[in-house]
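Participant: Sharing query32.txt, compact mmCIF, C-alpha atoms and all ligand atoms:
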# COMPACT_ATOMS: atom_id res chain seq x y z
CA MET R 3 34.00 -13.78 13.87
CA GLU R 4 30.35 -13.47 14.81
CA SER R 5 28.38 -10.68 13.11
CA GLY R 6 28.43 -8.64 16.32
CA PHE R 7 24.94 -7.38 15.58
CA SER R 8 22.07 -7.38 18.06
CA ASP R 9 18.95 -9.56 17.60
CA PHE R 10 17.06 -6.40 16.68
CA GLY R 11 19.80 -5.34 14.25
CA GLU R 12 19.92 -8.80 12.66
CA LYS R 13 16.15 -8.86 12.35
CA LEU R 14 15.78 -5.43 10.75
CA SER R 15 18.79 -5.79 8.45
CA ALA R 16 17.87 -9.30 7.27
CA HIS R 17 17.34 -9.86 3.58
CA SER R 18 13.80 -8.86 2.56
CA GLY R 19 11.51 -8.72 -0.44
CA ILE R 20 10.94 -4.98 -0.01
CA TYR R 21 14.70 -4.35 -0.12
CA ASP R 22 15.05 -6.33 -3.37
CA LEU R 23 12.09 -4.52 -4.82
CA MET R 24 13.39 -1.03 -4.04
CA GLU R 25 16.96 -1.94 -5.15
CA ASP R 26 15.64 -3.34 -8.44
CA LEU R 27 13.57 -0.22 -8.92
CA GLY R 28 16.41 2.20 -8.18
CA SER R 29 19.12 0.42 -10.17
CA ALA R 30 16.88 -0.29 -13.18
CA LEU R 31 15.76 3.36 -13.22
CA SER R 32 19.33 4.65 -13.25
CA ALA R 33 20.62 2.05 -15.74
CA GLY R 34 17.66 2.56 -18.11
CA GLY R 35 16.49 0.06 -20.74
CA MET R 36 14.25 -1.98 -18.39
CA ILE R 37 10.48 -2.06 -18.63
CA MET R 38 9.50 -0.98 -15.13
CA MET R 39 6.46 -2.97 -14.06
CA GLY R 40 7.87 -3.81 -10.63
CA GLY R 41 7.67 -1.10 -7.96
CA GLY R 42 4.74 1.04 -6.90
CA ASN R 43 6.09 4.37 -8.14
CA PRO R 44 3.29 6.79 -8.90
CA ALA R 45 2.99 8.03 -12.49
CA HIS R 46 4.28 11.46 -13.48
CA ILE R 47 0.93 13.04 -14.27
CA PRO R 48 1.51 16.42 -15.97
CA ALA R 49 -1.62 18.08 -14.51
CA VAL R 50 -0.55 17.00 -11.01
CA GLU R 51 3.06 18.08 -11.49
CA ASP R 52 1.80 21.50 -12.70
CA VAL R 53 0.19 21.91 -9.28
CA TRP R 54 3.42 21.00 -7.43
CA ARG R 55 5.36 23.43 -9.65
CA ARG R 56 2.85 26.22 -8.95
CA ARG R 57 2.99 25.54 -5.21
CA LEU R 58 6.80 25.65 -5.20
CA GLU R 59 6.64 29.00 -7.04
CA GLU R 60 4.14 30.30 -4.50
CA ILE R 61 6.41 29.16 -1.66
CA LEU R 62 9.39 30.91 -3.25
CA ALA R 63 7.36 34.07 -3.76
CA THR R 64 6.07 34.18 -0.16
CA PRO R 65 8.50 35.93 2.18
CA GLY R 66 9.78 33.51 4.80
CA ALA R 67 7.93 30.45 3.42
CA MET R 68 10.90 28.72 1.80
CA GLU R 69 13.13 29.63 4.73
CA SER R 70 10.67 28.07 7.17
CA MET R 71 10.10 24.96 5.01
CA LEU R 72 13.81 24.21 4.75
CA GLY R 73 15.18 25.81 7.87
CA ASP R 74 12.83 25.04 10.77
CA TYR R 75 12.38 21.69 12.50
CA ASP R 76 8.75 20.60 12.82
CA THR R 77 7.38 19.18 16.05
CA PRO R 78 7.60 15.36 16.34
CA ARG R 79 3.89 15.16 15.46
CA GLY R 80 4.01 17.48 12.43
CA ARG R 81 3.47 21.17 11.57
CA PRO R 82 0.72 22.58 13.78
CA ASP R 83 -1.00 24.35 10.84
CA PHE R 84 -0.91 21.14 8.75
CA LEU R 85 -2.43 19.12 11.61
CA GLU R 86 -5.25 21.69 11.96
CA THR R 87 -5.92 21.67 8.21
CA MET R 88 -5.87 17.87 8.02
CA ALA R 89 -8.31 17.61 10.94
CA ASP R 90 -10.69 20.08 9.24
CA PHE R 91 -10.36 18.21 5.95
CA LEU R 92 -11.22 14.83 7.49
CA ARG R 93 -14.04 16.33 9.60
CA ASN R 94 -15.57 17.89 6.47
CA HIS R 95 -15.04 15.00 4.07
CA LEU R 96 -15.60 11.98 6.28
CA GLN R 97 -17.50 13.52 9.22
CA TRP R 98 -14.90 12.15 11.62
CA PRO R 99 -15.23 13.95 14.98
CA ILE R 100 -11.52 14.61 15.32
CA GLY R 101 -9.05 17.43 15.97
CA PRO R 102 -5.31 17.96 15.51
CA GLN R 103 -4.69 15.89 18.65
CA ASN R 104 -5.79 12.84 16.62
CA ILE R 105 -3.15 13.27 13.92
CA ALA R 106 0.58 12.59 13.62
CA VAL R 107 2.80 12.96 10.58
CA THR R 108 5.44 10.29 9.91
CA THR R 109 8.36 9.80 7.52
CA GLY R 110 6.23 8.14 4.85
CA SER R 111 3.46 5.71 5.71
CA GLN R 112 6.10 2.95 5.69
CA THR R 113 7.31 4.41 8.99
CA ALA R 114 3.72 4.86 10.17
CA ASN R 115 3.20 1.10 9.84
CA TYR R 116 6.53 0.30 11.45
CA LEU R 117 5.84 2.49 14.48
CA LEU R 118 2.27 1.23 14.87
CA PHE R 119 3.15 -2.47 14.54
CA ASN R 120 5.90 -2.19 17.12
CA LEU R 121 3.89 0.03 19.44
CA LEU R 122 1.05 -2.47 19.57
CA ALA R 123 2.73 -5.83 19.02
CA GLY R 124 5.91 -7.63 20.04
CA SER R 125 6.10 -8.85 23.58
CA ARG R 126 3.87 -7.72 26.44
CA ALA R 127 4.52 -8.87 30.01
CA GLY R 128 6.46 -11.78 28.53
CA SER R 129 3.68 -12.91 26.15
CA PRO R 130 3.77 -12.49 22.39
CA ARG R 131 1.44 -9.90 20.83
CA ARG R 132 0.92 -10.06 17.10
CA ILE R 133 -0.43 -8.29 14.04
CA LEU R 134 -2.95 -10.22 11.93
CA PHE R 135 -3.53 -9.65 8.22
CA PRO R 136 -7.16 -10.63 7.66
CA LEU R 137 -6.80 -10.99 3.92
CA VAL R 138 -3.53 -11.99 2.26
CA PRO R 139 -1.93 -11.26 -0.20
CA GLU R 140 -0.93 -8.07 1.61
CA TYR R 141 1.69 -5.35 1.16
CA ILE R 142 5.26 -6.70 0.81
CA GLY R 143 6.58 -3.81 2.92
CA TYR R 144 4.88 -5.10 6.10
CA ALA R 145 6.62 -8.47 6.06
CA GLY R 146 9.91 -7.56 7.76
CA GLN R 147 8.68 -4.76 10.01
CA GLY R 148 8.41 -6.65 13.28
CA ALA R 149 11.13 -5.80 15.79
CA VAL R 150 10.78 -9.34 17.14
CA PRO R 151 10.48 -12.61 15.21
CA ASP R 152 7.13 -14.28 14.49
CA MET R 153 5.06 -11.12 14.80
CA PHE R 154 2.55 -11.72 12.01
CA ARG R 155 -0.39 -13.99 11.41
CA ALA R 156 -2.76 -14.11 8.45
CA TRP R 157 -6.11 -15.49 7.39
CA ARG R 158 -6.21 -17.23 4.06
CA PRO R 159 -9.04 -15.79 1.91
CA GLU R 160 -11.52 -17.53 -0.32
CA ILE R 161 -11.17 -17.17 -4.06
CA GLU R 162 -14.27 -16.25 -6.02
CA LEU R 163 -13.87 -17.12 -9.71
CA ARG R 164 -15.53 -14.69 -12.07
CA ALA R 165 -16.16 -14.77 -15.81
CA PRO R 166 -14.41 -14.51 -18.16
CA ASP R 167 -10.89 -14.54 -16.73
CA THR R 168 -10.98 -12.73 -13.38
CA PHE R 169 -11.23 -13.59 -9.68
CA LYS R 170 -11.71 -11.76 -6.38
CA TYR R 171 -10.47 -12.54 -2.89
CA ARG R 172 -13.16 -12.75 -0.21
CA ALA R 173 -12.38 -12.40 3.48
CA ALA R 174 -12.69 -15.73 5.30
CA PHE R 175 -13.05 -14.61 8.90
CA GLY R 176 -11.25 -16.65 11.51
CA GLU R 177 -10.70 -16.37 15.24
CA ILE R 178 -8.97 -13.36 16.77
CA THR R 179 -6.89 -15.14 19.39
CA PRO R 180 -5.70 -13.35 22.57
CA ASP R 181 -2.18 -12.84 21.14
CA ILE R 182 -3.55 -10.56 18.40
CA ALA R 183 -3.04 -6.90 19.24
CA ALA R 184 -4.23 -5.51 15.92
CA LEU R 185 -5.45 -6.42 12.46
CA CYS R 186 -4.12 -4.56 9.43
CA VAL R 187 -5.55 -4.25 5.94
CA SER R 188 -4.59 -2.03 3.02
CA ARG R 189 -7.59 -0.63 1.13
CA PRO R 190 -7.13 -0.96 -1.80
CA THR R 191 -4.71 -3.78 -1.23
CA ASN R 192 -1.27 -3.72 -2.68
CA PRO R 193 -0.65 -6.14 -4.54
CA SER R 194 -4.03 -7.56 -5.61
CA SER R 195 -5.91 -4.24 -6.00
CA ASN R 196 -8.69 -5.90 -4.01
CA VAL R 197 -10.87 -3.45 -2.12
CA ILE R 198 -12.27 -5.02 0.98
CA THR R 199 -16.02 -4.40 0.80
CA ASP R 200 -18.02 -2.19 3.19
CA ASN R 201 -19.68 -5.31 4.63
CA GLU R 202 -16.39 -7.16 5.09
CA LEU R 203 -14.88 -4.10 6.76
CA SER R 204 -17.81 -3.66 9.11
CA THR R 205 -17.70 -7.37 10.10
CA LEU R 206 -13.96 -7.05 10.73
CA SER R 207 -14.44 -3.96 12.82
CA LYS R 208 -17.08 -5.69 14.98
CA LEU R 209 -14.86 -8.76 15.49
CA VAL R 210 -11.94 -6.51 16.43
CA ALA R 211 -14.01 -4.51 18.92
CA GLN R 212 -15.31 -7.73 20.53
CA ALA R 213 -11.75 -9.02 20.86
CA ASP R 214 -10.60 -5.74 22.41
CA ALA R 215 -7.99 -5.38 19.65
CA ARG R 216 -7.41 -2.64 17.09
CA LEU R 217 -7.87 -2.39 13.34
CA ILE R 218 -5.31 -0.55 11.19
CA ILE R 219 -6.55 0.55 7.76
CA ASP R 220 -3.80 1.59 5.35
CA HIS R 221 -5.27 4.06 2.84
CA ALA R 222 -2.02 4.66 0.89
CA TYR R 223 -3.97 4.47 -2.42
CA GLY R 224 -7.42 4.92 -0.94
CA GLN R 225 -10.05 7.37 0.17
CA PRO R 226 -10.21 10.31 0.41
CA PHE R 227 -6.78 10.87 -1.17
CA PRO R 228 -5.35 9.91 -3.62
CA GLY R 229 -8.71 8.18 -4.16
CA VAL R 230 -7.49 5.42 -6.51
CA ILE R 231 -10.47 3.13 -5.86
CA PHE R 232 -12.64 2.02 -8.78
CA SER R 233 -15.25 -0.04 -6.90
CA ASP R 234 -18.26 1.45 -5.17
CA VAL R 235 -17.29 1.61 -1.48
CA ARG R 236 -17.59 4.17 1.29
CA PRO R 237 -14.75 5.45 3.46
CA PRO R 238 -15.07 3.94 6.94
CA ALA R 239 -16.85 5.75 9.77
CA TRP R 240 -14.86 6.94 12.79
CA GLU R 241 -14.45 4.32 15.52
CA GLU R 242 -12.13 4.54 18.50
CA HIS R 243 -10.51 1.14 17.93
CA VAL R 244 -9.69 1.87 14.28
CA ILE R 245 -6.39 3.48 13.25
CA HIS R 246 -6.02 5.04 9.81
CA THR R 247 -2.81 5.63 7.87
CA PHE R 248 -2.51 7.87 4.81
CA SER R 249 0.30 8.94 2.51
CA LEU R 250 1.16 11.78 0.14
CA SER R 251 3.30 9.39 -1.95
CA LYS R 252 0.74 7.98 -4.35
CA LEU R 253 -0.55 11.47 -5.11
CA GLY R 254 2.84 12.04 -6.72
CA LEU R 255 5.02 13.14 -3.81
CA PRO R 256 6.87 9.94 -2.79
CA THR R 257 10.16 11.70 -2.09
CA SER R 258 8.51 14.10 0.35
CA ARG R 259 8.24 11.02 2.66
CA THR R 260 5.01 12.12 4.26
CA GLY R 261 2.74 9.64 6.03
CA ILE R 262 -0.18 10.54 8.27
CA ILE R 263 -1.68 8.55 11.17
CA VAL R 264 -5.17 9.38 12.39
CA ALA R 265 -6.16 7.67 15.62
CA ASP R 266 -7.23 7.89 19.19
CA GLU R 267 -5.29 10.63 21.04
CA LYS R 268 -3.43 8.13 23.25
CA ILE R 269 -1.96 6.40 20.18
CA ILE R 270 -1.01 9.71 18.59
CA ASP R 271 0.83 10.88 21.73
CA ARG R 272 2.87 7.68 21.67
CA ILE R 273 3.64 7.98 17.95
CA ALA R 274 4.84 11.58 18.45
CA ARG R 275 7.21 10.40 21.18
CA MET R 276 8.45 7.54 18.98
CA ASN R 277 9.00 10.02 16.14
CA ALA R 278 11.14 12.15 18.46
CA GLN R 279 13.34 9.12 19.20
CA VAL R 280 13.67 7.80 15.68
CA VAL R 281 13.48 10.78 13.32
CA LEU R 282 13.46 13.75 15.74
CA ALA R 283 11.07 15.82 13.65
CA THR R 284 8.84 15.20 10.63
CA SER R 285 9.61 16.17 7.04
CA THR R 286 8.15 19.57 6.22
CA ILE R 287 8.18 19.74 2.43
CA GLY R 288 5.08 17.66 1.67
CA GLN R 289 3.12 19.37 4.42
CA THR R 290 4.03 22.84 3.12
CA ILE R 291 3.26 21.99 -0.51
CA THR R 292 -0.14 20.41 0.17
CA ARG R 293 -1.61 22.29 3.15
CA PRO R 294 -3.37 25.05 1.13
CA LEU R 295 -4.56 22.43 -1.38
CA PHE R 296 -6.29 20.46 1.38
CA ALA R 297 -7.73 23.70 2.81
CA SER R 298 -9.15 25.03 -0.47
CA GLY R 299 -10.62 21.77 -1.78
CA GLU R 300 -8.23 21.81 -4.78
CA LEU R 301 -6.69 18.52 -3.70
CA THR R 302 -10.06 16.77 -3.64
CA ARG R 303 -10.82 17.99 -7.16
CA LEU R 304 -7.37 16.92 -8.33
CA CYS R 305 -8.00 13.40 -6.99
CA SER R 306 -11.47 13.02 -8.49
CA ASP R 307 -10.91 14.84 -11.80
CA VAL R 308 -7.32 13.85 -12.61
CA VAL R 309 -5.68 11.18 -10.43
CA ARG R 310 -8.46 8.60 -10.25
CA PRO R 311 -9.51 8.82 -13.95
CA PHE R 312 -5.83 8.64 -14.94
CA TYR R 313 -5.22 5.35 -13.12
CA ARG R 314 -8.60 3.97 -14.14
CA GLN R 315 -7.73 4.54 -17.77
CA ARG R 316 -4.25 3.04 -17.31
CA SER R 317 -5.74 -0.01 -15.58
CA GLU R 318 -8.20 -0.55 -18.44
CA ALA R 319 -5.44 -0.16 -21.04
CA ALA R 320 -3.22 -2.61 -19.12
CA LEU R 321 -6.02 -5.15 -18.84
CA ALA R 322 -6.78 -4.84 -22.56
CA ALA R 323 -3.05 -5.32 -23.35
CA LEU R 324 -2.90 -8.33 -21.03
CA ARG R 325 -5.94 -9.95 -22.65
CA GLU R 326 -4.63 -9.30 -26.13
CA SER R 327 -1.21 -10.76 -25.30
CA PHE R 328 -2.67 -13.83 -23.61
CA ALA R 329 -5.36 -14.44 -26.26
CA GLY R 330 -5.81 -18.18 -26.77
CA TYR R 331 -3.94 -19.07 -23.54
CA GLU R 332 -6.51 -20.37 -21.07
CA HIS R 333 -4.43 -20.83 -17.96
CA TYR R 334 -4.36 -17.36 -16.43
CA ARG R 335 -6.63 -15.27 -14.25
CA VAL R 336 -6.35 -11.68 -13.15
CA HIS R 337 -7.76 -10.17 -9.97
CA GLU R 338 -10.66 -7.72 -10.49
CA CYS R 339 -8.90 -4.39 -10.75
CA GLU R 340 -10.58 -2.36 -8.02
CA GLY R 341 -7.92 0.28 -7.39
CA ALA R 342 -4.21 1.05 -6.76
CA PHE R 343 -1.63 0.68 -9.57
CA PHE R 344 -1.41 -3.08 -10.14
CA LEU R 345 -2.68 -6.11 -12.00
CA TRP R 346 -2.36 -9.30 -9.98
CA LEU R 347 -1.93 -12.25 -12.27
CA TRP R 348 -2.59 -15.85 -11.26
CA LEU R 349 -0.94 -18.58 -13.36
CA PRO R 350 -2.04 -21.82 -11.67
CA HIS R 351 -0.54 -24.20 -14.24
CA LEU R 352 2.88 -22.64 -14.69
CA PRO R 353 5.64 -25.31 -14.43
CA VAL R 354 8.01 -22.89 -12.63
CA SER R 355 7.64 -20.81 -9.47
CA ASP R 356 6.83 -17.09 -9.39
CA LYS R 357 10.48 -16.36 -8.48
CA GLU R 358 11.79 -18.31 -11.49
CA LEU R 359 9.34 -16.49 -13.76
CA TYR R 360 10.49 -13.15 -12.28
CA ALA R 361 14.17 -14.02 -12.96
CA ARG R 362 13.42 -15.07 -16.55
CA LEU R 363 11.46 -11.88 -17.23
CA LYS R 364 14.23 -9.74 -15.72
CA ARG R 365 16.71 -11.34 -18.14
CA ARG R 366 14.37 -10.29 -20.96
CA GLY R 367 14.26 -6.67 -19.72
CA LEU R 368 10.96 -6.74 -17.83
CA LEU R 369 10.66 -6.09 -14.10
CA VAL R 370 7.67 -7.51 -12.19
CA VAL R 371 7.38 -8.67 -8.56
CA PRO R 372 7.07 -12.35 -7.55
CA GLY R 373 3.84 -12.95 -5.68
CA SER R 374 5.13 -15.12 -2.85
CA TYR R 375 6.53 -12.07 -1.02
CA PHE R 376 2.99 -10.87 -0.40
CA PHE R 377 1.79 -13.51 2.07
CA PRO R 378 3.26 -12.38 5.41
CA GLY R 379 2.06 -14.27 8.45
CA LEU R 380 0.52 -17.24 6.64
CA GLN R 381 1.39 -20.32 8.71
CA GLN R 382 0.25 -23.09 6.38
CA PRO R 383 1.76 -23.55 2.91
CA TRP R 384 -0.56 -22.39 0.12
CA GLU R 385 0.49 -23.20 -3.43
CA HIS R 386 -1.48 -20.20 -4.72
CA ALA R 387 1.21 -17.95 -3.15
CA SER R 388 3.86 -19.07 -5.64
CA GLN R 389 1.52 -18.94 -8.64
CA CYS R 390 1.03 -15.18 -8.78
CA ILE R 391 2.97 -12.11 -9.91
CA ARG R 392 2.30 -8.41 -9.50
CA VAL R 393 2.49 -6.18 -12.56
CA THR R 394 2.50 -2.38 -12.17
CA TYR R 395 0.75 -0.37 -14.89
CA SER R 396 1.54 3.18 -13.78
CA SER R 397 4.40 3.63 -16.29
CA ASN R 398 3.74 4.61 -19.92
CA PRO R 399 1.17 2.54 -21.85
CA THR R 400 3.50 1.70 -24.74
CA ALA R 401 6.02 0.18 -22.32
CA VAL R 402 3.21 -1.65 -20.51
CA ARG R 403 2.01 -3.16 -23.81
CA ARG R 404 5.53 -4.28 -24.63
CA GLY R 405 5.88 -5.72 -21.13
CA MET R 406 2.64 -7.70 -21.49
CA THR R 407 3.87 -9.15 -24.80
CA ILE R 408 7.13 -10.32 -23.21
CA LEU R 409 5.25 -11.74 -20.23
CA ALA R 410 2.74 -13.68 -22.34
CA ASP R 411 5.49 -14.95 -24.63
CA GLU R 412 7.55 -16.24 -21.68
CA VAL R 413 4.51 -17.90 -20.12
CA ARG R 414 3.60 -19.62 -23.40
CA THR R 415 7.22 -20.75 -23.89
CA LEU R 416 7.22 -22.34 -20.43
CA GLY R 417 4.07 -24.32 -21.21
CA ILE R 418 1.97 -25.89 -18.45
CA LYS R 419 2.97 -28.37 -15.77
CA ASP R 420 1.94 -32.02 -15.98
CA SER R 421 -1.06 -32.50 -13.72
N1 LIG H 1 1.23 1.04 2.27
C1 LIG H 1 1.06 0.50 1.06
C2 LIG H 1 -0.11 -0.38 0.84
C3 LIG H 1 1.98 0.74 0.03
O1 LIG H 1 1.82 0.17 -1.17
C4 LIG H 1 3.09 1.57 0.29
C5 LIG H 1 4.10 1.85 -0.76
O2 LIG H 1 4.12 1.30 -1.83
C6 LIG H 1 3.22 2.13 1.56
C7 LIG H 1 2.27 1.85 2.53
C8 LIG H 1 4.37 3.00 1.93
O3 LIG H 1 4.37 4.19 1.18
P1 LIG H 1 5.07 5.53 1.68
O4 LIG H 1 6.03 5.18 2.75
O5 LIG H 1 5.74 6.08 0.46
O6 LIG H 1 3.97 6.42 2.20
If you took the structure in this file and wrote it as structure tokens, what would it be?
Ligand code: PLP
Facilitator:
Amino acid sequence: MESGFSDFGEKLSAHSGIYDLMEDLGSALSAGGMIMMGGGNPAHIPAVEDVWRRRLEEILATPGAMESMLGDYDTPRGRPDFLETMADFLRNHLQWPIGPQNIAVTTGSQTANYLLFNLLAGSRAGSPRRILFPLVPEYIGYAGQGAVPDMFRAWRPEIELRAPDTFKYRAAFGEITPDIAALCVSRPTNPSSNVITDNELSTLSKLVAQADARLIIDHAYGQPFPGVIFSDVRPPAWEEHVIHTFSLSKLGLPTSRTGIIVADEKIIDRIARMNAQVVLATSTIGQTITRPLFASGELTRLCSDVVRPFYRQRSEAALAALRESFAGYEHYRVHECEGAFFLWLWLPHLPVSDKELYARLKRRGLLVVPGSYFFPGLQQPWEHASQCIRVTYSSNPTAVRRGMTILADEVRTLGIKDS
């Protein structure tokens, strides 16, 4: 018997890297015993969790607040008071000339991307319209999000080698062909932790405006919250053709499933209507917990005084552990760690693929993510894509050190391929 599923159903339920990643994460967490350096779970930062606990106590102590949070549907674009507060926050912090009409809440920023990609791209008057990733590797979660096949394209970046053992991707600008509806870049980028520079971003924005397309910037780890960027860059200025997505997840609220889109009013109206179809109303818990923190400035202080220094320190500890474990082994490079929660390791002489290395490490109790999942839309084969792995350092430093030792030991055992 045939599957009986529609093309759309087949497409969305097809096997995907993001599904494997989240399954691995969930089952390893519940089974225990694994060193979790795979998924992008935020760390449990005590000073941040104290704030969530205090906010929940305040909600419980405020007559009607808990009842409203749990018992009232929001509008399909979010809670009106949250939208007002978010607009004030972005006006004050980034000088964006926006109001609540420019903001929609979504069920996590994963859904924000899904709705935006399929709003802008797919098929239009019978012609294909696509999303272009201007700098791969890019977020694994984008790869399967097209409602139609063949929705993504990508530009292959240049690799700048840096001493002693690092590298950085540089945007290699190509042509924005008429089928491209929008470009999308995460800043910082999951998986490489690359932060596209101010100059690169402004060149991209100009190219996009000339091509009458749009530019989506995914700030899941970025500015102004949670602010996990270590390089010296500015948040982008407001431009009509640029769409911004944010998330409360990496602040430490991933289960609140709260994403935020900030864009031109026409886009936001469409997103609100799509929300009504797909999820009916947005999730209220994250909005209720954080609204007063955005309004009072406490959230900004939390990001700059706690969240960013925490991840910076973890990234430095992870890099030190990596270098110690790989001491004497010359055939690795790591991307400059410019933000997010990851080290992106390049092993150009490994005799096995990234997927084989992943499977071997899993058997030894270490979860990482194979790099080849992170190149959506690339049309030409690029051997670099199967020479990288992503290693998350947000879990506890002792486990990360142990994980690095296992990783380096496995890599040494495998040796290098004959050239
Ligand atoms: N964008 C990027 C770059 C991410 O890394 C993630 C999650 O890891 C998301 C979006 C989706 O996050 P959420 O749906 O929890 O907001």
Participant: Residues of chain R within 8 Å of ligand LIG 1 (chain H): nearest atom pair and distance (Å, one decimal) for each, counting all atoms listed in the file, sorted by chain and number, as a tab-separated table?
Facilitator:
residue	atom	partner	partner_atom	distance
R:Gly41	CA	H:LIG1	O2	7.5
R:Gly42	CA	H:LIG1	O2	5.1
R:Asn43	CA	H:LIG1	O2	7.3
R:Thr109	CA	H:LIG1	O4	7.0
R:Gly110	CA	H:LIG1	O4	3.6
R:Ser111	CA	H:LIG1	O6	3.6
R:Gln112	CA	H:LIG1	O4	3.7
R:Thr113	CA	H:LIG1	O4	6.4
R:Ala114	CA	H:LIG1	O4	7.8
R:Asn115	CA	H:LIG1	C7	7.4
R:Glu140	CA	H:LIG1	C2	7.8
R:Tyr141	CA	H:LIG1	C2	5.3
R:Ile142	CA	H:LIG1	O1	7.9
R:Gly143	CA	H:LIG1	C4	6.9
R:Ser188	CA	H:LIG1	C2	5.2
R:Arg189	CA	H:LIG1	C2	7.5
R:Pro190	CA	H:LIG1	C2	7.5
R:Thr191	CA	H:LIG1	C2	6.1
R:Asn192	CA	H:LIG1	C2	5.0
R:Pro193	CA	H:LIG1	O1	7.6
R:Asp220	CA	H:LIG1	N1	5.9
R:His221	CA	H:LIG1	C2	7.1
R:Ala222	CA	H:LIG1	N1	5.1
R:Tyr223	CA	H:LIG1	C2	7.0
R:Phe248	CA	H:LIG1	O6	7.1
R:Ser249	CA	H:LIG1	O6	4.5
R:Leu250	CA	H:LIG1	O6	6.4
R:Ser251	CA	H:LIG1	O5	4.8
R:Lys252	CA	H:LIG1	O5	7.2
R:Pro256	CA	H:LIG1	O5	5.2
R:Thr257	CA	H:LIG1	O5	7.6
R:Arg259	CA	H:LIG1	O5	6.0
R:Thr260	CA	H:LIG1	O6	6.1
R:Gly261	CA	H:LIG1	O6	5.2
Participant: Might you pull out every residue within 10 Å of stretch 268-275 of chain R, with all atoms listed in the file counted and same-chain residues fewer than 6 positions away left off, and present them as a PyMOL selection string?
Facilitator: chain R and resi 77-80+102-108+114+117-118+121-122+245+282-284
Participant: Skip stretch 318-331 of chain R itself and residues of its chain fewer than 2 positions away, then list as a list in words all residues within 8 Å of it, counting all atoms listed in the file.
Facilitator: Arg314, Gln315, Arg316, His333, Tyr334, Leu345, Tyr395, Pro399, Val402, Arg403, Met406, Thr407, Ala410, Asp411 and Arg414 of chain R
Participant: By how many Å are atom CA of R:Pro294 and atom CA of R:Thr247 apart?
Facilitator: 20.6 Å
Participant: Go through R:Pro237, R:Pro226, R:Pro82, R:Pro139 and flag the residue nearest R:Leu380, using all atoms listed in the file for the distances.
Facilitator: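 Of R:Pro237, R:Pro226, R:Pro82, R:Pro139, the one nearest R:Leu380, counting all atoms listed in the file, is R:Pro139.
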Participant: Give as an MDAnalysis selection string each residue that has an atom at most 10 Å from (-4.7, -5.2, -8.6) in the file, counting all atoms listed in the file.
Facilitator: chainID R and resid 170 190:197 317 336:347 392:395
Participant: Write out as a PyMOL selection string each polymer residue whose atoms come within 12 Å of stretch 48-60 of chain R, counting only C-alpha atoms; drop sequence neighbours fewer than 3 positions from it.
Facilitator: chain R and resi 44-45+63-68+71+228+252-255+258+287-295+300-301+303-310+312
Participant: Looking at R:Ile391, R:Ala278, R:Ala184, R:Ala401, which one is nearest to R:Gly35, with distances taken over only C-alpha atoms?
Facilitator: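 Closest residue, counting only C-alpha atoms: R:Ala401.
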Participant: Could you tell me how far atom CA of R:Ser396 lies from atom CA of R:Trp384, in Å and to one decimal?
Facilitator: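 According to the coordinates, atom CA of R:Ser396 and atom CA of R:Trp384 are separated by 29.2 Å.
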Participant: I need every residue sitting at most 12 Å from the point (-11.4, -7.0, 3.9) (coordinates as in the file, all atoms listed in the file considered), written as an MDAnalysis selection string.
Facilitator: chainID R and resid 135:140 157:160 170:175 185:191 195:207 217:220 235 238
Participant: So, counting all atoms listed in the file, which residue among R:Leu14, R:Val280, R:Leu163, R:Leu369 is closest to R:Trp348?
Facilitator: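 Between R:Leu14, R:Val280, R:Leu163, R:Leu369, the residue approaching R:Trp348 most closely is R:Leu163.
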Participant: One decimal, Å: what's the distance from atom CA of R:Gly34 over to atom CA of R:His17, could you say?
Facilitator: 25.0 Å
Participant: R:Pro378: which residues within 7 Å, counting all atoms listed in the file, same-chain residues fewer than 2 positions away excluded, as a list of chain:residue names?
Facilitator: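 The neighbour list is R:Ala145, R:Phe154, R:Ala156, R:Phe376, R:Leu380.
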Participant: Kindly write N, CA and C atoms of stretch 293-299 of chain R from the structure just given to a file, as a JSON list (two decimals), in the first residue's frame.
Facilitator:
[["chain", "number", "residue", "atom", "x", "y", "z"],
["R", 293, "ARG", "N", 7.89, 39.99, 30.63],
["R", 293, "ARG", "CA", 7.47, 41.36, 30.28],
["R", 293, "ARG", "C", 8.00, 42.42, 31.26],
["R", 294, "PRO", "N", 7.81, 42.26, 32.58],
["R", 294, "PRO", "CA", 8.32, 43.30, 33.49],
["R", 294, "PRO", "C", 9.84, 43.40, 33.49],
["R", 295, "LEU", "N", 10.52, 42.31, 33.13],
["R", 295, "LEU", "CA", 11.99, 42.33, 33.10],
["R", 295, "LEU", "C", 12.49, 43.14, 31.91],
["R", 296, "PHE", "N", 11.77, 43.06, 30.78],
["R", 296, "PHE", "CA", 12.11, 43.90, 29.63],
["R", 296, "PHE", "C", 11.81, 45.36, 29.98],
["R", 297, "ALA", "N", 10.68, 45.59, 30.67],
["R", 297, "ALA", "CA", 10.25, 46.97, 30.94],
["R", 297, "ALA", "C", 11.19, 47.67, 31.93],
["R", 298, "SER", "N", 11.69, 46.94, 32.91],
["R", 298, "SER", "CA", 12.49, 47.59, 33.96],
["R", 298, "SER", "C", 13.98, 47.69, 33.62],
["R", 299, "GLY", "N", 14.42, 46.99, 32.59],
["R", 299, "GLY", "CA", 15.85, 46.98, 32.26],
["R", 299, "GLY", "C", 16.58, 45.82, 32.94]]
